file final-v2.csv (CSV, C-alpha atoms and all ligand atoms)
chain,number,residue,atom,x,y,z
G,1,MET,CA,119.1,84.4,106.7
G,2,GLU,CA,118.3,84.8,103.1
G,3,THR,CA,114.9,86.5,102.4
G,4,LYS,CA,113.0,84.3,99.9
G,5,ARG,CA,111.2,86.1,97.1
G,6,LEU,CA,107.9,84.3,96.7
G,7,THR,CA,105.3,85.0,94.0
G,8,ALA,CA,101.6,85.5,94.4
G,9,ALA,CA,101.0,81.8,93.5
G,10,ASP,CA,103.0,80.8,96.5
G,11,TYR,CA,100.5,82.1,99.1
G,12,LEU,CA,100.3,78.6,100.7
G,13,VAL,CA,104.0,78.6,101.2
G,14,ALA,CA,103.7,82.0,102.8
G,15,ALA,CA,100.8,80.8,105.1
G,16,ASN,CA,102.9,77.8,106.2
G,17,LEU,CA,105.8,80.1,107.1
G,18,LEU,CA,103.4,82.3,109.2
G,19,LYS,CA,102.1,79.2,110.8
G,20,GLN,CA,105.6,78.4,112.0
G,21,GLY,CA,105.9,81.8,113.6
G,22,LYS,CA,108.0,83.3,110.8
G,23,LEU,CA,107.7,86.8,109.4
G,24,VAL,CA,106.5,87.3,105.8
G,25,ALA,CA,106.1,90.6,104.0
G,26,PHE,CA,103.0,90.8,101.8
G,27,PRO,CA,101.5,93.0,99.1
G,28,THR,CA,98.4,95.1,99.5
G,29,GLU,CA,96.8,97.8,97.3
G,30,THR,CA,98.4,100.6,99.4
G,31,VAL,CA,101.9,99.6,100.6
G,32,TYR,CA,103.6,96.3,101.5
G,33,GLY,CA,102.9,95.0,105.0
G,34,LEU,CA,105.0,92.9,107.4
G,35,GLY,CA,102.9,89.9,108.5
G,36,ALA,CA,103.1,87.6,111.5
G,37,ASP,CA,100.5,85.3,113.1
G,38,ALA,CA,98.7,87.7,115.4
G,39,LEU,CA,98.0,84.9,117.8
G,40,ASN,CA,101.7,84.1,118.2
G,41,PRO,CA,103.2,86.7,120.7
G,42,GLN,CA,106.8,85.7,120.0
G,43,ALA,CA,106.2,86.3,116.2
G,44,VAL,CA,104.5,89.7,117.0
G,45,GLN,CA,107.4,90.6,119.2
G,46,GLN,CA,109.7,90.0,116.2
G,47,VAL,CA,107.7,92.4,114.1
G,48,TYR,CA,108.5,95.3,116.5
G,49,ALA,CA,112.1,94.1,116.7
G,50,VAL,CA,112.9,93.9,112.9
G,51,LYS,CA,111.1,97.2,112.2
G,52,HIS,CA,112.8,98.9,115.2
G,53,ARG,CA,109.2,100.0,116.0
G,54,PRO,CA,108.5,101.4,119.5
G,55,THR,CA,106.3,98.8,121.3
G,56,ASP,CA,103.9,101.6,122.3
G,57,ASN,CA,102.8,102.0,118.6
G,58,PRO,CA,99.9,99.5,118.2
G,59,LEU,CA,99.7,97.1,115.3
G,60,ASN,CA,96.6,96.4,113.1
G,61,LEU,CA,94.9,93.1,112.6
G,62,THR,CA,94.9,92.3,108.9
G,63,VAL,CA,91.9,90.0,108.1
G,64,SER,CA,90.4,88.1,105.2
G,65,SER,CA,86.8,87.8,106.5
G,66,PHE,CA,84.1,89.6,108.5
G,67,ALA,CA,84.1,86.6,110.9
G,68,MET,CA,87.7,87.5,111.9
G,69,VAL,CA,86.5,91.0,112.9
G,70,LYS,CA,83.6,89.6,114.9
G,71,LYS,CA,86.0,87.4,116.8
G,72,TYR,CA,88.1,90.3,118.1
G,73,ALA,CA,85.8,93.4,118.1
G,74,ALA,CA,83.7,93.9,121.3
G,75,HIS,CA,81.1,95.6,119.2
G,76,ILE,CA,80.6,96.6,115.6
G,77,PRO,CA,78.5,99.8,115.2
G,78,ASP,CA,76.1,99.9,112.3
G,79,ALA,CA,78.1,102.7,110.7
G,80,ALA,CA,81.3,100.6,110.8
G,81,LYS,CA,79.4,97.7,109.2
G,82,LEU,CA,78.4,100.1,106.4
G,83,LEU,CA,82.0,101.1,105.9
G,84,MET,CA,83.1,97.5,105.7
G,85,GLU,CA,80.4,96.6,103.2
G,86,ASN,CA,81.2,99.7,101.0
G,87,PHE,CA,85.0,99.8,101.2
G,88,TRP,CA,86.3,96.3,102.0
G,89,PRO,CA,88.4,94.8,100.8
G,90,GLY,CA,90.0,98.2,100.3
G,91,PRO,CA,92.3,100.9,101.7
G,92,LEU,CA,90.4,101.7,104.9
G,93,THR,CA,91.5,100.7,108.4
G,94,ILE,CA,88.7,100.7,110.9
G,95,ILE,CA,89.3,101.0,114.6
G,96,LEU,CA,86.8,99.3,116.9
G,97,PRO,CA,86.6,98.5,120.6
G,98,LEU,CA,88.6,95.4,121.4
G,99,LYS,CA,86.8,92.4,122.9
G,100,TYR,CA,88.2,92.1,126.4
G,101,ALA,CA,91.3,89.9,126.6
G,102,ALA,CA,90.6,88.5,123.1
G,103,ILE,CA,94.2,89.0,122.0
G,104,ASN,CA,97.7,89.3,123.6
G,105,LYS,CA,98.4,92.8,124.8
G,106,ILE,CA,101.5,93.0,122.7
G,107,VAL,CA,99.4,93.6,119.6
G,108,THR,CA,97.7,96.8,120.8
G,109,ASN,CA,100.1,97.8,123.6
G,110,GLY,CA,97.1,97.2,126.0
G,111,LEU,CA,94.8,99.7,124.3
G,112,PRO,CA,91.0,99.0,124.6
G,113,THR,CA,90.7,99.5,120.8
G,114,ILE,CA,92.0,97.6,117.8
G,115,ALA,CA,92.6,98.5,114.1
G,116,PHE,CA,91.2,96.2,111.4
G,117,ARG,CA,92.3,96.2,107.8
G,118,MET,CA,91.1,94.0,104.9
G,119,PRO,CA,93.4,94.7,102.0
G,120,ASP,CA,92.4,94.4,98.4
G,121,ASN,CA,95.0,91.9,97.3
G,122,GLN,CA,94.0,88.3,96.3
G,123,ALA,CA,97.2,86.6,97.2
G,124,THR,CA,97.3,88.2,100.7
G,125,LEU,CA,93.6,87.4,101.4
G,126,GLN,CA,94.2,83.8,100.3
G,127,MET,CA,97.3,83.6,102.5
G,128,ILE,CA,95.4,84.8,105.6
G,129,THR,CA,92.5,82.5,104.9
G,130,ALA,CA,94.9,79.6,104.6
G,131,LEU,CA,96.5,80.5,107.9
G,132,GLY,CA,93.0,80.7,109.4
G,133,ASP,CA,93.8,83.5,111.7
G,134,PRO,CA,94.4,87.3,111.3
G,135,ILE,CA,98.0,88.6,111.0
G,136,VAL,CA,99.5,91.8,112.3
G,137,GLY,CA,100.3,93.9,109.3
G,138,PRO,CA,102.2,97.2,109.8
G,139,SER,CA,104.0,98.7,106.8
G,140,ALA,CA,107.1,96.6,105.9
G,141,ASN,CA,109.6,99.4,106.4
G,142,THR,CA,112.1,100.2,109.1
G,143,SER,CA,110.3,102.5,111.5
G,144,GLY,CA,110.6,106.2,110.3
G,145,ARG,CA,111.4,105.3,106.7
G,146,PRO,CA,109.1,105.7,103.7
G,147,SER,CA,106.6,102.8,103.4
G,148,PRO,CA,107.5,100.2,100.8
G,149,THR,CA,105.5,100.1,97.5
G,150,THR,CA,107.6,97.3,95.9
G,151,ALA,CA,109.1,94.0,97.1
G,152,GLU,CA,112.5,95.6,96.3
G,153,HIS,CA,111.8,98.4,98.9
G,154,VAL,CA,111.0,95.7,101.5
G,155,LEU,CA,114.3,94.0,100.8
G,156,GLN,CA,116.1,97.4,101.2
G,157,ASP,CA,114.9,97.6,104.8
G,158,LEU,CA,114.2,94.0,105.9
G,159,GLY,CA,116.3,91.9,103.5
G,160,GLY,CA,118.1,89.2,105.7
G,161,LYS,CA,115.8,89.9,108.6
G,162,ILE,CA,112.6,88.1,107.5
G,163,VAL,CA,112.2,84.7,105.8
G,164,ALA,CA,110.2,85.8,102.8
G,165,VAL,CA,108.4,88.5,100.8
G,166,LEU,CA,105.4,87.7,98.7
G,167,ASP,CA,106.0,89.7,95.6
G,168,ASP,CA,103.0,90.8,93.6
G,169,GLY,CA,104.5,93.8,91.8
G,170,ALA,CA,104.2,97.5,92.6
G,171,THR,CA,101.3,98.6,94.8
G,172,ASN,CA,98.5,100.6,93.1
G,173,VAL,CA,97.5,103.3,95.6
G,174,GLY,CA,101.0,104.0,96.9
G,175,VAL,CA,100.0,105.8,100.2
G,176,ASP,CA,99.0,103.9,103.4
G,177,SER,CA,95.3,103.3,104.1
G,178,THR,CA,92.9,105.8,105.5
G,179,ILE,CA,92.4,105.1,109.3
G,180,ILE,CA,89.1,105.9,110.8
G,181,ASP,CA,88.3,105.5,114.5
G,182,MET,CA,84.8,104.1,114.8
G,183,SER,CA,85.1,103.4,118.6
G,184,LEU,CA,84.2,107.1,119.3
G,185,ALA,CA,80.8,108.7,119.5
G,186,GLN,CA,81.8,110.7,116.5
G,187,PRO,CA,83.9,109.0,113.8
G,188,MET,CA,87.4,110.5,113.4
G,189,ILE,CA,90.0,110.1,110.8
G,190,LEU,CA,93.4,109.5,112.3
G,191,ARG,CA,95.3,109.2,109.0
G,192,PRO,CA,94.1,110.5,105.6
G,193,GLY,CA,94.3,108.1,102.6
G,194,VAL,CA,92.8,107.6,99.2
G,195,ILE,CA,89.3,107.1,100.8
G,196,THR,CA,88.4,110.6,101.9
G,197,ALA,CA,86.4,112.0,104.8
G,198,ASP,CA,83.6,113.1,102.3
G,199,GLU,CA,83.3,109.6,100.9
G,200,ILE,CA,83.0,108.1,104.4
G,201,ALA,CA,80.5,110.7,105.5
G,202,ASP,CA,78.4,110.0,102.4
G,203,VAL,CA,78.3,106.3,103.3
G,204,ILE,CA,77.5,106.6,107.0
G,205,GLY,CA,75.3,109.7,106.7
G,206,GLN,CA,77.0,111.5,109.5
G,207,PRO,CA,79.9,114.0,109.8
G,208,VAL,CA,83.4,112.8,110.1
G,209,MET,CA,86.1,114.6,112.2
G,210,MET,CA,89.7,114.9,111.2
G,211,GLN,CA,92.2,114.6,114.0
G,212,LYS,CA,94.4,117.7,114.0
G,213,GLU,CA,97.7,115.7,113.9
G,214,ALA,CA,96.2,113.7,111.0
G,215,ALA,CA,95.8,116.8,108.9
G,216,THR,CA,99.2,118.2,109.8
G,217,GLY,CA,101.3,115.2,110.7
G,218,SER,CA,101.8,113.9,114.2
G,219,GLN,CA,105.1,114.8,115.9
G,220,LYS,CA,105.2,111.6,118.0
G,221,TYR,CA,107.1,109.4,115.6
G,222,LYS,CA,109.3,110.1,112.7
G,223,HIS,CA,107.6,109.1,109.4
G,224,TYR,CA,108.5,108.6,105.8
G,225,GLU,CA,111.9,110.2,106.0
G,226,PRO,CA,114.6,109.7,103.4
G,227,GLN,CA,118.3,110.5,104.1
G,228,ALA,CA,118.1,113.9,102.4
G,229,GLN,CA,116.2,117.0,103.6
G,230,VAL,CA,112.9,117.3,101.7
G,231,ILE,CA,111.7,120.8,100.8
G,232,ILE,CA,108.1,121.2,99.5
G,233,VAL,CA,107.6,123.4,96.5
G,234,ASP,CA,103.9,124.3,96.7
G,235,LYS,CA,103.5,125.9,93.3
G,236,VAL,CA,104.8,124.9,89.9
G,237,SER,CA,105.6,128.5,89.3
G,238,GLN,CA,108.1,128.5,92.3
G,239,PHE,CA,110.4,125.9,90.8
G,240,PRO,CA,112.7,128.3,88.9
G,241,GLN,CA,113.3,130.3,92.0
G,242,ALA,CA,113.7,127.2,94.2
G,243,ILE,CA,116.2,125.8,91.8
G,244,ALA,CA,118.1,129.0,91.5
G,245,GLN,CA,118.4,129.1,95.3
G,246,MET,CA,119.7,125.6,95.5
G,247,GLU,CA,122.2,126.2,92.7
G,248,GLN,CA,123.7,129.0,94.8
G,249,THR,CA,124.7,126.4,97.5
G,250,GLY,CA,126.9,124.6,95.0
G,251,GLU,CA,125.7,121.3,96.4
G,252,PRO,CA,124.0,118.6,94.3
G,253,PHE,CA,120.3,118.4,94.9
G,254,GLY,CA,117.3,116.4,93.7
G,255,ILE,CA,114.0,117.2,92.1
G,256,MET,CA,110.8,115.2,92.3
G,257,ALA,CA,108.1,116.6,90.2
G,258,THR,CA,105.6,115.9,87.3
G,259,ASP,CA,106.9,115.3,83.8
G,260,GLN,CA,105.5,118.7,82.9
G,261,VAL,CA,107.8,120.4,85.5
G,262,LEU,CA,110.8,118.2,84.7
G,263,ALA,CA,110.5,119.1,81.0
G,264,GLN,CA,111.0,122.8,81.7
G,265,GLN,CA,114.2,124.3,80.4
G,266,HIS,CA,115.6,125.2,83.8
G,267,VAL,CA,115.2,121.6,85.1
G,268,VAL,CA,116.4,119.3,82.3
G,269,ARG,CA,120.1,119.7,83.0
G,270,PHE,CA,119.8,118.0,86.4
G,271,LYS,CA,120.5,114.3,86.5
G,272,GLU,CA,119.1,113.9,89.9
G,273,GLN,CA,115.5,113.9,89.1
G,274,PHE,CA,112.6,111.6,89.7
G,275,SER,CA,109.3,111.7,87.8
G,276,LEU,CA,106.0,111.8,89.7
G,277,GLY,CA,104.1,111.1,86.5
G,278,ASP,CA,101.4,113.5,85.3
G,279,SER,CA,99.0,113.9,88.2
G,280,VAL,CA,98.5,113.8,91.9
G,281,VAL,CA,97.3,110.2,91.5
G,282,SER,CA,100.6,109.0,89.9
G,283,ALA,CA,102.5,111.3,92.4
G,284,SER,CA,100.8,109.4,95.3
G,285,GLN,CA,101.8,106.1,93.7
G,286,HIS,CA,105.4,107.1,93.3
G,287,LEU,CA,106.1,109.4,96.3
G,288,TYR,CA,107.8,106.7,98.5
G,289,ASP,CA,109.6,105.2,95.6
G,290,GLY,CA,111.1,108.7,94.8
G,291,LEU,CA,112.1,109.3,98.3
G,292,ARG,CA,113.9,106.0,98.4
G,293,TYR,CA,115.4,106.6,95.0
G,294,PHE,CA,117.5,109.5,96.3
G,295,ASP,CA,118.9,107.4,99.1
G,296,MET,CA,121.0,105.8,96.3
G,297,TYR,CA,122.7,109.2,95.8
G,298,PRO,CA,124.1,110.1,99.2
G,299,GLU,CA,125.7,113.3,97.8
G,300,VAL,CA,122.2,114.6,97.3
G,301,LYS,CA,121.5,116.4,100.6
G,302,THR,CA,118.3,118.2,99.6
G,303,ILE,CA,115.3,117.2,97.5
G,304,LEU,CA,112.8,119.7,96.1
G,305,VAL,CA,109.4,117.9,95.9
G,306,GLN,CA,106.3,119.2,94.1
G,307,GLY,CA,103.3,119.9,96.3
G,308,PHE,CA,99.6,119.5,95.2
G,309,PRO,CA,96.4,121.1,96.4
G,310,ALA,CA,95.1,119.3,99.5
G,311,THR,CA,91.9,117.9,98.0
G,312,GLY,CA,90.9,114.2,97.3
G,313,ILE,CA,94.0,112.0,97.3
G,314,GLY,CA,96.0,115.3,97.5
G,315,ILE,CA,95.1,115.4,101.3
G,316,ALA,CA,96.9,112.0,101.8
G,317,TYR,CA,99.8,113.0,99.5
G,318,MET,CA,100.4,116.3,101.3
G,319,ASN,CA,100.1,114.6,104.7
G,320,ARG,CA,102.9,112.1,103.9
G,321,LEU,CA,105.0,114.8,102.1
G,322,GLU,CA,104.7,117.2,105.1
G,323,LYS,CA,106.0,114.4,107.4
G,324,ALA,CA,108.8,113.5,105.0
G,325,ALA,CA,109.8,117.2,104.9
G,326,GLY,CA,109.4,117.9,108.6
G,327,HIS,CA,107.1,120.7,107.3
G,328,HIS,CA,109.8,122.5,105.3
G,329,HIS,CA,108.4,124.5,102.4
G,330,PHE,CA,110.2,126.6,99.9
G,331,PHE,CA,107.9,129.4,100.6
G,332,LYS,CA,106.1,129.2,103.9
G,333,LYS,CA,102.4,128.6,103.1
G,334,ASN,CA,99.7,130.8,104.5
J,401,LIG,O1,97.8,100.7,104.3
J,401,LIG,C1,98.0,100.3,105.4
J,401,LIG,O2,97.3,100.5,106.4
J,401,LIG,C2,99.3,99.5,105.6
J,401,LIG,C3,99.2,98.1,104.9
J,401,LIG,C4,100.4,97.3,105.0
J,401,LIG,O3,98.0,97.5,105.3
J,401,LIG,N1,99.6,99.3,107.0
J,401,LIG,C5,99.9,100.3,107.8
J,401,LIG,O4,100.2,99.9,109.1
J,401,LIG,O5,100.1,101.4,107.4
J,401,LIG,P1,101.1,100.8,110.1
J,401,LIG,O6,101.2,100.0,111.4
J,401,LIG,O7,102.3,101.1,109.4
J,401,LIG,O8,100.2,102.0,110.4
J,401,LIG,C6,99.0,101.8,111.1
J,401,LIG,C7,98.8,103.0,112.1
J,401,LIG,C8,100.0,103.1,113.1
J,401,LIG,O9,100.4,104.5,113.0
J,401,LIG,C9,99.3,102.9,114.4
J,401,LIG,O10,99.8,103.8,115.4
J,401,LIG,C10,97.9,103.1,114.2
J,401,LIG,O11,97.7,102.7,112.8
J,401,LIG,N2,97.0,102.3,115.0
J,401,LIG,C11,97.0,100.9,115.1
J,401,LIG,N3,96.1,100.5,116.0
J,401,LIG,C12,95.6,101.6,116.6
J,401,LIG,C13,94.6,101.9,117.6
J,401,LIG,N4,94.0,100.9,118.2
J,401,LIG,N5,94.3,103.1,117.9
J,401,LIG,C14,94.9,104.2,117.2
J,401,LIG,N6,95.8,104.0,116.2
J,401,LIG,C15,96.1,102.7,115.9
J,402,MG,MG,103.8,102.4,108.8
call {"tool": "encode", "arguments": {"input": "final-v2.csv", "output": "structure tokens", "more": "lines below"}}
Ligand code: TXA
Ligand code: MG
result
Amino acid sequence: METKRLTAADYLVAANLLKQGKLVAFPTETVYGLGADALNPQAVQQVYAVKHRPTDNPLNLTVSSFAMVKKYAAHIPDAAKLLMENFWPGPLTIILPLKYAAINKIVTNGLPTIAFRMPDNQATLQMITALGDPIVGPSANTSGRPSPTTAEHVLQDLGGKIVAVLDDGATNVGVDSTIIDMSLAQPMILRPGVITADEIADVIGQPVMMQKEAATGSQKYKHYEPQAQVIIVDKVSQFPQAIAQMEQTGEPFGIMATDQVLAQQHVVRFKEQFSLGDSVVSASQHLYDGLRYFDMYPEVKTILVQGFPATGIGIAYMNRLEKAAGHHHFFKKN
């Protein structure tokens, strides 16, 4: 099958394909998603199959209206309503209790809760509204690989396996949405993202917990891994030493860092480099792109990647980087 590249204006075409039980990748503000009609179990089954995703890893419901949430949530706590009003459409996934038997078990692997996501992308919202029902919307990568931030990335993993990708250019945020579990007595962040625990706590007026694995990176599934071994360089001042150590191996290696680091004398002679821009914000936008970039150079077996302080978006950036690196640091932190 040839994967069609649709543009944002083609959202009705995309909705029709979904209606027919086909899989369509779609843009969001965070990363590209892989959509299928959530009410069509065969189509949902295909989502797991083409991603090689374990079927015990639940899917989200990607919605375009509050009415769609009401239809599937057993109960929407006031704090969750506040979050929707403040952050939707936007990069926050909210987990709520699932209305009993409201949706086929295949979506949530039989869990009593369900994740809702309303992405901030006009074409995608219009596509879902035209379909009239929510879609499932995991990231559109092969399981374990870096999430896609462009239609090109989607085609790298899923080209030939899905009918279409709705191309709306590179995503803006670059790291997957914050996930907050609002089905618990005390709200808990399961995955950090651009919307931080502090921002959430401010809106709901109560403390927010951070799941331990969310902070450090869960061991259950592989995540965000490129072909090469990633090594985190926590401080800019460590780059000369890290590079010297890599040179001794005699093997080609890559560097992903800010322009400031790449401009330094000891770095410029390396071809295998990828710019993370000039800040942790641009680094978050380009992290997955950079990890995928080095897959084009199979001779590169190691990539040194710049770390940032874990505050604000830096929490999400370091969370993804830790997973991509399997927690390898040039110098062990602590
Ligand atoms: O930014 C995003 O959220 C992207 C874009 C495409 O919307 N989507 C995304 O979906 O990252 P996915 O499936 O790649 O990651 C969602 C995570 C999964 O790790 C899944 O285990 C978790 O959410 N999840 C889904 N439903 C859950 C539930 N009921 N309870 C706990 N975790 C859940
Ligand atoms: Mg994912």
call {"tool": "closest_residue", "arguments": {"input": "final-v2.csv", "among": "G:Ala14, G:Leu155, G:Ile103, G:Ala115", "to": "ligand LIG 401 (chain J)", "atoms": "only C-alpha atoms and all ligand atoms"}}
result
G:Ala115
call {"tool": "closest_atom_pairs", "arguments": {"input": "final-v2.csv", "of": "chain G", "to": "ligand LIG 401 (chain J)", "cutoff": "7 Å", "atoms": "all atoms listed in the file", "output": "JSON lines"}}
result
{"residue": "G:Thr28", "atom": "CA", "partner": "J:LIG401", "partner_atom": "C3", "distance": 6.2}
{"residue": "G:Thr30", "atom": "CA", "partner": "J:LIG401", "partner_atom": "O1", "distance": 4.9}
{"residue": "G:Val31", "atom": "CA", "partner": "J:LIG401", "partner_atom": "C4", "distance": 5.2}
{"residue": "G:Tyr32", "atom": "CA", "partner": "J:LIG401", "partner_atom": "C4", "distance": 4.8}
{"residue": "G:Gly33", "atom": "CA", "partner": "J:LIG401", "partner_atom": "C4", "distance": 3.4}
{"residue": "G:Leu34", "atom": "CA", "partner": "J:LIG401", "partner_atom": "C4", "distance": 6.8}
{"residue": "G:Asn57", "atom": "CA", "partner": "J:LIG401", "partner_atom": "O10", "distance": 4.7}
{"residue": "G:Pro58", "atom": "CA", "partner": "J:LIG401", "partner_atom": "C11", "distance": 4.5}
{"residue": "G:Leu59", "atom": "CA", "partner": "J:LIG401", "partner_atom": "C11", "distance": 4.7}
{"residue": "G:Asn60", "atom": "CA", "partner": "J:LIG401", "partner_atom": "C11", "distance": 4.9}
{"residue": "G:Pro91", "atom": "CA", "partner": "J:LIG401", "partner_atom": "O1", "distance": 6.1}
{"residue": "G:Thr93", "atom": "CA", "partner": "J:LIG401", "partner_atom": "O2", "distance": 6.1}
{"residue": "G:Ile95", "atom": "CA", "partner": "J:LIG401", "partner_atom": "N4", "distance": 5.9}
{"residue": "G:Thr108", "atom": "CA", "partner": "J:LIG401", "partner_atom": "N4", "distance": 6.1}
{"residue": "G:Leu111", "atom": "CA", "partner": "J:LIG401", "partner_atom": "N4", "distance": 6.3}
{"residue": "G:Thr113", "atom": "CA", "partner": "J:LIG401", "partner_atom": "N4", "distance": 4.4}
{"residue": "G:Ile114", "atom": "CA", "partner": "J:LIG401", "partner_atom": "N4", "distance": 3.9}
{"residue": "G:Ala115", "atom": "CA", "partner": "J:LIG401", "partner_atom": "N3", "distance": 4.5}
{"residue": "G:Arg117", "atom": "CA", "partner": "J:LIG401", "partner_atom": "O3", "distance": 6.4}
{"residue": "G:Pro119", "atom": "CA", "partner": "J:LIG401", "partner_atom": "O3", "distance": 6.3}
{"residue": "G:Gly137", "atom": "CA", "partner": "J:LIG401", "partner_atom": "C4", "distance": 5.5}
{"residue": "G:Pro138", "atom": "CA", "partner": "J:LIG401", "partner_atom": "O6", "distance": 3.4}
{"residue": "G:Ser139", "atom": "CA", "partner": "J:LIG401", "partner_atom": "O7", "distance": 3.9}
{"residue": "G:Ala140", "atom": "CA", "partner": "J:LIG401", "partner_atom": "C4", "distance": 6.8}
{"residue": "G:Val175", "atom": "CA", "partner": "J:LIG401", "partner_atom": "O1", "distance": 6.9}
{"residue": "G:Asp176", "atom": "CA", "partner": "J:LIG401", "partner_atom": "O1", "distance": 3.5}
{"residue": "G:Ser177", "atom": "CA", "partner": "J:LIG401", "partner_atom": "O1", "distance": 3.6}
{"residue": "G:Thr178", "atom": "CA", "partner": "J:LIG401", "partner_atom": "O2", "distance": 6.9}
{"residue": "G:Ile179", "atom": "CA", "partner": "J:LIG401", "partner_atom": "O11", "distance": 6.8}
call {"tool": "closest_residue", "arguments": {"input": "final-v2.csv", "among": "G:Pro192, G:Gly160, G:Pro187, G:Pro309", "to": "G:Gly205", "atoms": "all atoms listed in the file"}}
result
G:Pro187
call {"tool": "closest_residue", "arguments": {"input": "final-v2.csv", "among": "G:Asn319, G:Ser279, G:Gln241, G:Thr311", "to": "G:Ala197", "atoms": "only C-alpha atoms"}}
result
G:Thr311
call {"tool": "atom_distance", "arguments": {"input": "final-v2.csv", "atom1": "atom CA of G:Gly174", "atom2": "atom CA of G:Leu158"}}
result
18.8 Å
call {"tool": "closest_residue", "arguments": {"input": "final-v2.csv", "among": "G:Leu96, G:Ala185, G:Val281, G:Ala43", "to": "G:Gln20", "atoms": "only C-alpha atoms"}}
result
G:Ala43
call {"tool": "residues_around", "arguments": {"input": "final-v2.csv", "residues": "stretch 230-235 of chain G", "least_positions_apart": "2", "cutoff": "6 Å", "atoms": "all atoms listed in the file", "output": "JSON, numbers by chain"}}
result
{"G": [237, 238, 302, 303, 304, 305, 306, 307, 325, 328, 329, 330]}
call {"tool": "write_last_selection", "arguments": {"input": "final-v2.csv", "atoms": "C-alpha atoms", "output": "mmCIF file, in the coordinates of the input"}}
result
data_model
loop_
_atom_site.group_PDB
_atom_site.id
_atom_site.type_symbol
_atom_site.label_atom_id
_atom_site.label_comp_id
_atom_site.auth_asym_id
_atom_site.auth_seq_id
_atom_site.Cartn_x
_atom_site.Cartn_y
_atom_site.Cartn_z
ATOM 1 C CA SER G 237 105.600 128.500 89.300
ATOM 2 C CA GLN G 238 108.100 128.500 92.300
ATOM 3 C CA THR G 302 118.300 118.200 99.600
ATOM 4 C CA ILE G 303 115.300 117.200 97.500
ATOM 5 C CA LEU G 304 112.800 119.700 96.100
ATOM 6 C CA VAL G 305 109.400 117.900 95.900
ATOM 7 C CA GLN G 306 106.300 119.200 94.100
ATOM 8 C CA GLY G 307 103.300 119.900 96.300
ATOM 9 C CA ALA G 325 109.800 117.200 104.900
ATOM 10 C CA HIS G 328 109.800 122.500 105.300
ATOM 11 C CA HIS G 329 108.400 124.500 102.400
ATOM 12 C CA PHE G 330 110.200 126.600 99.900
#
call {"tool": "residues_around", "arguments": {"input": "final-v2.csv", "residues": "G:Val50", "least_positions_apart": "4", "cutoff": "12 Å", "atoms": "only C-alpha atoms", "output": "ChimeraX atom specification"}}
result
/G:22-25,34-36,43-46,54-55,138-143,154,157-163
call {"tool": "write_last_selection", "arguments": {"input": "final-v2.csv", "atoms": "C-alpha atoms", "output": "PDB file, in the frame of the given file"}}
result
ATOM      1  CA  LYS G  22     108.000  83.300 110.800  1.00  0.00           C
ATOM      2  CA  LEU G  23     107.700  86.800 109.400  1.00  0.00           C
ATOM      3  CA  VAL G  24     106.500  87.300 105.800  1.00  0.00           C
ATOM      4  CA  ALA G  25     106.100  90.600 104.000  1.00  0.00           C
ATOM      5  CA  LEU G  34     105.000  92.900 107.400  1.00  0.00           C
ATOM      6  CA  GLY G  35     102.900  89.900 108.500  1.00  0.00           C
ATOM      7  CA  ALA G  36     103.100  87.600 111.500  1.00  0.00           C
ATOM      8  CA  ALA G  43     106.200  86.300 116.200  1.00  0.00           C
ATOM      9  CA  VAL G  44     104.500  89.700 117.000  1.00  0.00           C
ATOM     10  CA  GLN G  45     107.400  90.600 119.200  1.00  0.00           C
ATOM     11  CA  GLN G  46     109.700  90.000 116.200  1.00  0.00           C
ATOM     12  CA  PRO G  54     108.500 101.400 119.500  1.00  0.00           C
ATOM     13  CA  THR G  55     106.300  98.800 121.300  1.00  0.00           C
ATOM     14  CA  PRO G 138     102.200  97.200 109.800  1.00  0.00           C
ATOM     15  CA  SER G 139     104.000  98.700 106.800  1.00  0.00           C
ATOM     16  CA  ALA G 140     107.100  96.600 105.900  1.00  0.00           C
ATOM     17  CA  ASN G 141     109.600  99.400 106.400  1.00  0.00           C
ATOM     18  CA  THR G 142     112.100 100.200 109.100  1.00  0.00           C
ATOM     19  CA  SER G 143     110.300 102.500 111.500  1.00  0.00           C
ATOM     20  CA  VAL G 154     111.000  95.700 101.500  1.00  0.00           C
ATOM     21  CA  ASP G 157     114.900  97.600 104.800  1.00  0.00           C
ATOM     22  CA  LEU G 158     114.200  94.000 105.900  1.00  0.00           C
ATOM     23  CA  GLY G 159     116.300  91.900 103.500  1.00  0.00           C
ATOM     24  CA  GLY G 160     118.100  89.200 105.700  1.00  0.00           C
ATOM     25  CA  LYS G 161     115.800  89.900 108.600  1.00  0.00           C
ATOM     26  CA  ILE G 162     112.600  88.100 107.500  1.00  0.00           C
ATOM     27  CA  VAL G 163     112.200  84.700 105.800  1.00  0.00           C
TER      28      VAL G 163
END
call {"tool": "closest_residue", "arguments": {"input": "final-v2.csv", "among": "G:Asn40, G:Thr124, G:Asn16, G:Gln206", "to": "G:Val63", "atoms": "all atoms listed in the file"}}
result
G:Thr124
